[in-house]
Amino acid sequence: MKKPEPSGRAEMPYERFLKYGGGSLSNAELLAIMLRTGSSGDSALDLAHHILCLKNEGGKEESLLALYHLSLRDLMSVRGIGEVKAVRLLCLTELSRRLSLEKAEEKLVFTDPKSVADYYMESLRHEEREIVLLLLLDNQLRLLREEKLSVGTVNCSLLSPREVFLRALEGGAVNILLLHNHPSGIAAPSDADISITKRIRDLGAELEIPLVDHIIIGDLCYTSMKEAGVL
């Protein structure tokens, strides 16, 4: 809960941070500190509000998640945001991704679907198209290599069993694990997801390169085909 501001002149976000800590600041105030300065007619806080509304319909609702979907061009479309400020904000977003990744990596075990989903969650859940990743694993289920198999449309990924095992054989994989995201945010598998998983499972059994799991990433949720009993 934010502490009340003292009477008199309203404190700037930087001053509030020093007095009360980061937890006392709103998203816009934290962003304003990163921007440091405003522009003619707009304070840094005003610019922060504009940015947080950029990807929201009608520009009325603010969300930090908007930052994950903004390009350098998007940010520079806001009056008062030049290249330096835009790059600083994009670096902030990338740091956020990497912090989440490093935290999840400490618990990453490829036999544990939740730890795998947690590790890939931040890199996949904000994507606007389906991305299919193939993880090549050794005989002790340690990661040999990660391959991006396809980038699909909003609701359809292109996944070829032939391509999966060509990559697996080229990479010397003993086991494989598949991941893909659902841009809708819903991790429930489609009939097509289940069908392709079974085809790859069966082909993998014949080639003696087992499919360990196929994990679907949604928005802070996931589905493991292994846990669902498909594998």
# chains A, B, ... in the order shown; residues from 1 in each chain; ligands from 1
>>> closest_atom_pairs(of="range 97-119 of chain A", to="range 209-218 of chain A", cutoff="8 Å", atoms="only C-alpha atoms", output="tab-separated table")
residue	atom	partner	partner_atom	distance
A:Thr111	CA	A:Val212	CA	7.7
A:Pro113	CA	A:Ile215	CA	7.3
A:Ala117	CA	A:Ile217	CA	6.7
>>> write_last_selection(atoms="all heavy atoms", output="mmCIF file, in the first residue's frame")
data_model
loop_
_atom_site.group_PDB
_atom_site.id
_atom_site.type_symbol
_atom_site.label_atom_id
_atom_site.label_comp_id
_atom_site.auth_asym_id
_atom_site.auth_seq_id
_atom_site.Cartn_x
_atom_site.Cartn_y
_atom_site.Cartn_z
ATOM 1 N N THR A 111 12.731 -33.299 -16.858
ATOM 2 C CA THR A 111 11.722 -34.310 -16.530
ATOM 3 C C THR A 111 10.548 -33.698 -15.757
ATOM 4 O O THR A 111 9.573 -34.387 -15.479
ATOM 5 C CB THR A 111 12.342 -35.445 -15.672
ATOM 6 O OG1 THR A 111 12.996 -34.869 -14.530
ATOM 7 C CG2 THR A 111 13.342 -36.242 -16.477
ATOM 8 N N PRO A 113 7.747 -30.966 -16.096
ATOM 9 C CA PRO A 113 7.087 -30.045 -17.037
ATOM 10 C C PRO A 113 6.928 -28.628 -16.502
ATOM 11 O O PRO A 113 7.090 -27.663 -17.255
ATOM 12 C CB PRO A 113 5.719 -30.705 -17.265
ATOM 13 C CG PRO A 113 5.967 -32.155 -17.004
ATOM 14 C CD PRO A 113 6.957 -32.196 -15.888
ATOM 15 N N ALA A 117 8.184 -25.249 -18.304
ATOM 16 C CA ALA A 117 7.217 -24.194 -18.645
ATOM 17 C C ALA A 117 7.609 -22.867 -17.997
ATOM 18 O O ALA A 117 7.540 -21.814 -18.629
ATOM 19 C CB ALA A 117 5.818 -24.610 -18.210
#
>>> residues_around(residues="range 14-16 of chain A", least_positions_apart="2", cutoff="9 Å", atoms="only C-alpha atoms", output="list in words")
Glu5, Glu11, Met12, Leu18, Lys19, Tyr20, Gly21, Gly22, Ser24, Leu25, Glu29, Leu30, Ala32, Ile33 and Arg36 of chain A
>>> closest_residue(among="A:Asp118, A:Glu170, A:Asp74, A:Glu206", to="Val87 in chain A", atoms="only C-alpha atoms")
A:Asp74
>>> select_by_dssp(residues="chain A", states="alpha helix (DSSP H)", output="number ranges by chain")
A: 13-20, 27-35, 44-52, 72-76, 83-105, 113-124, 161-170, 191-207
>>> residues_around(residues="Val151 in chain A", least_positions_apart="4", cutoff="7 Å", atoms="only C-alpha atoms", output="ChimeraX atom specification")
/A:129-132,157
>>> write_last_selection(atoms="N, CA and C atoms", output="tab-separated table (two decimals), in the first residue's frame")
chain	number	residue	atom	x	y	z
A	129	ARG	N	2.66	-14.60	-32.45
A	129	ARG	CA	2.54	-15.73	-33.38
A	129	ARG	C	3.03	-16.99	-32.69
A	130	GLU	N	2.57	-18.14	-33.19
A	130	GLU	CA	3.01	-19.39	-32.61
A	130	GLU	C	4.46	-19.67	-32.99
A	131	ILE	N	5.24	-20.05	-32.00
A	131	ILE	CA	6.64	-20.41	-32.20
A	131	ILE	C	6.83	-21.83	-31.68
A	132	VAL	N	7.46	-22.67	-32.47
A	132	VAL	CA	7.71	-24.06	-32.08
A	132	VAL	C	9.20	-24.23	-31.80
A	157	SER	N	0.62	-23.09	-36.26
A	157	SER	CA	2.05	-23.30	-36.40
A	157	SER	C	2.30	-24.40	-37.42
>>> closest_residue(among="A:Val78, A:Leu159, A:Ala48, A:Leu70", to="Glu94 in chain A", atoms="only C-alpha atoms")
A:Leu70
>>> residues_around(residues="Asp46 in chain A", least_positions_apart="2", cutoff="12 Å", atoms="only C-alpha atoms", output="PyMOL selection string")
chain A and resi 13+28-29+31-33+35-44+48-53+78-81
>>> residues_around(residues="Leu231 in chain A", least_positions_apart="4", cutoff="12 Å", atoms="only C-alpha atoms", output="number ranges by chain")
A: 177, 194-202, 204-205, 210-215, 224-227
>>> select_by_dssp(residues="range 52-201 of chain A", states="strand (DSSP E or B)", output="ChimeraX atom specification")
/A:131-137,143-151,175-181
>>> residues_around(residues="Asp219 in chain A", least_positions_apart="2", cutoff="12 Å", atoms="only C-alpha atoms", output="MDAnalysis selection string")
chainID A and resid 65 117:118 120:128 181:188 216:217 221:223
>>> closest_residue(among="A:Val109, A:Met34, A:Leu135, A:Leu99", to="Lys85 in chain A", atoms="only C-alpha atoms")
A:Met34
>>> atom_distance(atom1="CA of Glu146 in chain A", atom2="CA of Ser96 in chain A")
21.4 Å
>>> decode(residues="range 42-55 of chain A", atoms="all heavy atoms", output="PDB file, in the first residue's frame")
ATOM      1  N   ASP A  42       4.965  18.063 -21.503  1.00  0.00           N
ATOM      2  CA  ASP A  42       4.699  16.781 -20.856  1.00  0.00           C
ATOM      3  C   ASP A  42       5.824  16.436 -19.893  1.00  0.00           C
ATOM      4  O   ASP A  42       7.008  16.509 -20.244  1.00  0.00           O
ATOM      5  CB  ASP A  42       4.585  15.646 -21.894  1.00  0.00           C
ATOM      6  CG  ASP A  42       3.274  15.699 -22.660  1.00  0.00           C
ATOM      7  OD1 ASP A  42       2.232  15.897 -22.021  1.00  0.00           O
ATOM      8  OD2 ASP A  42       3.308  15.551 -23.897  1.00  0.00           O
ATOM      9  N   SER A  43       5.453  16.033 -18.690  1.00  0.00           N
ATOM     10  CA  SER A  43       6.449  15.581 -17.724  1.00  0.00           C
ATOM     11  C   SER A  43       6.848  14.143 -18.054  1.00  0.00           C
ATOM     12  O   SER A  43       6.216  13.473 -18.887  1.00  0.00           O
ATOM     13  CB  SER A  43       5.864  15.634 -16.313  1.00  0.00           C
ATOM     14  OG  SER A  43       4.813  14.685 -16.184  1.00  0.00           O
ATOM     15  N   ALA A  44       7.868  13.652 -17.392  1.00  0.00           N
ATOM     16  CA  ALA A  44       8.270  12.249 -17.579  1.00  0.00           C
ATOM     17  C   ALA A  44       7.128  11.319 -17.191  1.00  0.00           C
ATOM     18  O   ALA A  44       6.919  10.275 -17.817  1.00  0.00           O
ATOM     19  CB  ALA A  44       9.512  11.946 -16.739  1.00  0.00           C
ATOM     20  N   LEU A  45       6.361  11.721 -16.178  1.00  0.00           N
ATOM     21  CA  LEU A  45       5.225  10.901 -15.747  1.00  0.00           C
ATOM     22  C   LEU A  45       4.134  10.875 -16.817  1.00  0.00           C
ATOM     23  O   LEU A  45       3.515   9.833 -17.066  1.00  0.00           O
ATOM     24  CB  LEU A  45       4.665  11.452 -14.430  1.00  0.00           C
ATOM     25  CG  LEU A  45       3.617  10.587 -13.712  1.00  0.00           C
ATOM     26  CD1 LEU A  45       4.142   9.185 -13.440  1.00  0.00           C
ATOM     27  CD2 LEU A  45       3.200  11.265 -12.402  1.00  0.00           C
ATOM     28  N   ASP A  46       3.909  12.018 -17.476  1.00  0.00           N
ATOM     29  CA  ASP A  46       2.934  12.063 -18.576  1.00  0.00           C
ATOM     30  C   ASP A  46       3.354  11.118 -19.700  1.00  0.00           C
ATOM     31  O   ASP A  46       2.539  10.380 -20.246  1.00  0.00           O
ATOM     32  CB  ASP A  46       2.814  13.490 -19.139  1.00  0.00           C
ATOM     33  CG  ASP A  46       2.179  14.466 -18.161  1.00  0.00           C
ATOM     34  OD1 ASP A  46       1.339  14.021 -17.364  1.00  0.00           O
ATOM     35  OD2 ASP A  46       2.539  15.655 -18.204  1.00  0.00           O
ATOM     36  N   LEU A  47       4.636  11.156 -20.051  1.00  0.00           N
ATOM     37  CA  LEU A  47       5.148  10.281 -21.103  1.00  0.00           C
ATOM     38  C   LEU A  47       4.971   8.811 -20.733  1.00  0.00           C
ATOM     39  O   LEU A  47       4.621   7.983 -21.568  1.00  0.00           O
ATOM     40  CB  LEU A  47       6.634  10.566 -21.365  1.00  0.00           C
ATOM     41  CG  LEU A  47       6.998  11.918 -21.970  1.00  0.00           C
ATOM     42  CD1 LEU A  47       8.510  12.006 -22.174  1.00  0.00           C
ATOM     43  CD2 LEU A  47       6.285  12.143 -23.294  1.00  0.00           C
ATOM     44  N   ALA A  48       5.209   8.506 -19.454  1.00  0.00           N
ATOM     45  CA  ALA A  48       5.057   7.126 -18.984  1.00  0.00           C
ATOM     46  C   ALA A  48       3.617   6.656 -19.165  1.00  0.00           C
ATOM     47  O   ALA A  48       3.374   5.531 -19.614  1.00  0.00           O
ATOM     48  CB  ALA A  48       5.475   7.022 -17.516  1.00  0.00           C
ATOM     49  N   HIS A  49       2.664   7.504 -18.830  1.00  0.00           N
ATOM     50  CA  HIS A  49       1.245   7.150 -19.007  1.00  0.00           C
ATOM     51  C   HIS A  49       0.936   6.901 -20.484  1.00  0.00           C
ATOM     52  O   HIS A  49       0.217   5.958 -20.827  1.00  0.00           O
ATOM     53  CB  HIS A  49       0.345   8.265 -18.465  1.00  0.00           C
ATOM     54  CG  HIS A  49       0.259   8.305 -16.962  1.00  0.00           C
ATOM     55  ND1 HIS A  49      -0.219   7.254 -16.219  1.00  0.00           N
ATOM     56  CD2 HIS A  49       0.578   9.292 -16.078  1.00  0.00           C
ATOM     57  CE1 HIS A  49      -0.192   7.574 -14.935  1.00  0.00           C
ATOM     58  NE2 HIS A  49       0.295   8.811 -14.824  1.00  0.00           N
ATOM     59  N   HIS A  50       1.467   7.745 -21.357  1.00  0.00           N
ATOM     60  CA  HIS A  50       1.234   7.580 -22.803  1.00  0.00           C
ATOM     61  C   HIS A  50       1.768   6.228 -23.287  1.00  0.00           C
ATOM     62  O   HIS A  50       1.110   5.521 -24.055  1.00  0.00           O
ATOM     63  CB  HIS A  50       1.919   8.698 -23.590  1.00  0.00           C
ATOM     64  CG  HIS A  50       1.332  10.061 -23.363  1.00  0.00           C
ATOM     65  ND1 HIS A  50      -0.021  10.256 -23.167  1.00  0.00           N
ATOM     66  CD2 HIS A  50       1.916  11.294 -23.304  1.00  0.00           C
ATOM     67  CE1 HIS A  50      -0.249  11.551 -22.997  1.00  0.00           C
ATOM     68  NE2 HIS A  50       0.910  12.201 -23.074  1.00  0.00           N
ATOM     69  N   ILE A  51       2.953   5.872 -22.822  1.00  0.00           N
ATOM     70  CA  ILE A  51       3.586   4.613 -23.251  1.00  0.00           C
ATOM     71  C   ILE A  51       2.780   3.409 -22.792  1.00  0.00           C
ATOM     72  O   ILE A  51       2.561   2.454 -23.545  1.00  0.00           O
ATOM     73  CB  ILE A  51       5.028   4.539 -22.713  1.00  0.00           C
ATOM     74  CG1 ILE A  51       5.908   5.570 -23.421  1.00  0.00           C
ATOM     75  CG2 ILE A  51       5.610   3.126 -22.891  1.00  0.00           C
ATOM     76  CD1 ILE A  51       7.225   5.803 -22.741  1.00  0.00           C
ATOM     77  N   LEU A  52       2.321   3.428 -21.554  1.00  0.00           N
ATOM     78  CA  LEU A  52       1.585   2.294 -20.994  1.00  0.00           C
ATOM     79  C   LEU A  52       0.218   2.109 -21.634  1.00  0.00           C
ATOM     80  O   LEU A  52      -0.414   1.065 -21.459  1.00  0.00           O
ATOM     81  CB  LEU A  52       1.431   2.470 -19.480  1.00  0.00           C
ATOM     82  CG  LEU A  52       2.739   2.395 -18.677  1.00  0.00           C
ATOM     83  CD1 LEU A  52       2.474   2.651 -17.201  1.00  0.00           C
ATOM     84  CD2 LEU A  52       3.423   1.054 -18.864  1.00  0.00           C
ATOM     85  N   CYS A  53      -0.226   3.111 -22.373  1.00  0.00           N
ATOM     86  CA  CYS A  53      -1.512   3.005 -23.071  1.00  0.00           C
ATOM     87  C   CYS A  53      -1.354   2.691 -24.560  1.00  0.00           C
ATOM     88  O   CYS A  53      -2.354   2.493 -25.253  1.00  0.00           O
ATOM     89  CB  CYS A  53      -2.295   4.315 -22.935  1.00  0.00           C
ATOM     90  SG  CYS A  53      -2.947   4.635 -21.283  1.00  0.00           S
ATOM     91  N   LEU A  54      -0.133   2.632 -25.043  1.00  0.00           N
ATOM     92  CA  LEU A  54       0.102   2.531 -26.485  1.00  0.00           C
ATOM     93  C   LEU A  54      -0.576   1.343 -27.148  1.00  0.00           C
ATOM     94  O   LEU A  54      -1.153   1.460 -28.207  1.00  0.00           O
ATOM     95  CB  LEU A  54       1.605   2.462 -26.767  1.00  0.00           C
ATOM     96  CG  LEU A  54       2.313   3.782 -27.032  1.00  0.00           C
ATOM     97  CD1 LEU A  54       3.787   3.534 -27.312  1.00  0.00           C
ATOM     98  CD2 LEU A  54       1.683   4.528 -28.198  1.00  0.00           C
ATOM     99  N   LYS A  55      -0.494   0.170 -26.534  1.00  0.00           N
ATOM    100  CA  LYS A  55      -1.022  -1.040 -27.165  1.00  0.00           C
ATOM    101  C   LYS A  55      -2.393  -1.440 -26.622  1.00  0.00           C
ATOM    102  O   LYS A  55      -2.850  -2.551 -26.846  1.00  0.00           O
ATOM    103  CB  LYS A  55      -0.045  -2.201 -26.968  1.00  0.00           C
ATOM    104  CG  LYS A  55       1.189  -2.121 -27.849  1.00  0.00           C
ATOM    105  CD  LYS A  55       0.853  -2.374 -29.307  1.00  0.00           C
ATOM    106  CE  LYS A  55       2.099  -2.351 -30.180  1.00  0.00           C
ATOM    107  NZ  LYS A  55       1.825  -2.650 -31.586  1.00  0.00           N
TER     108      LYS A  55
END
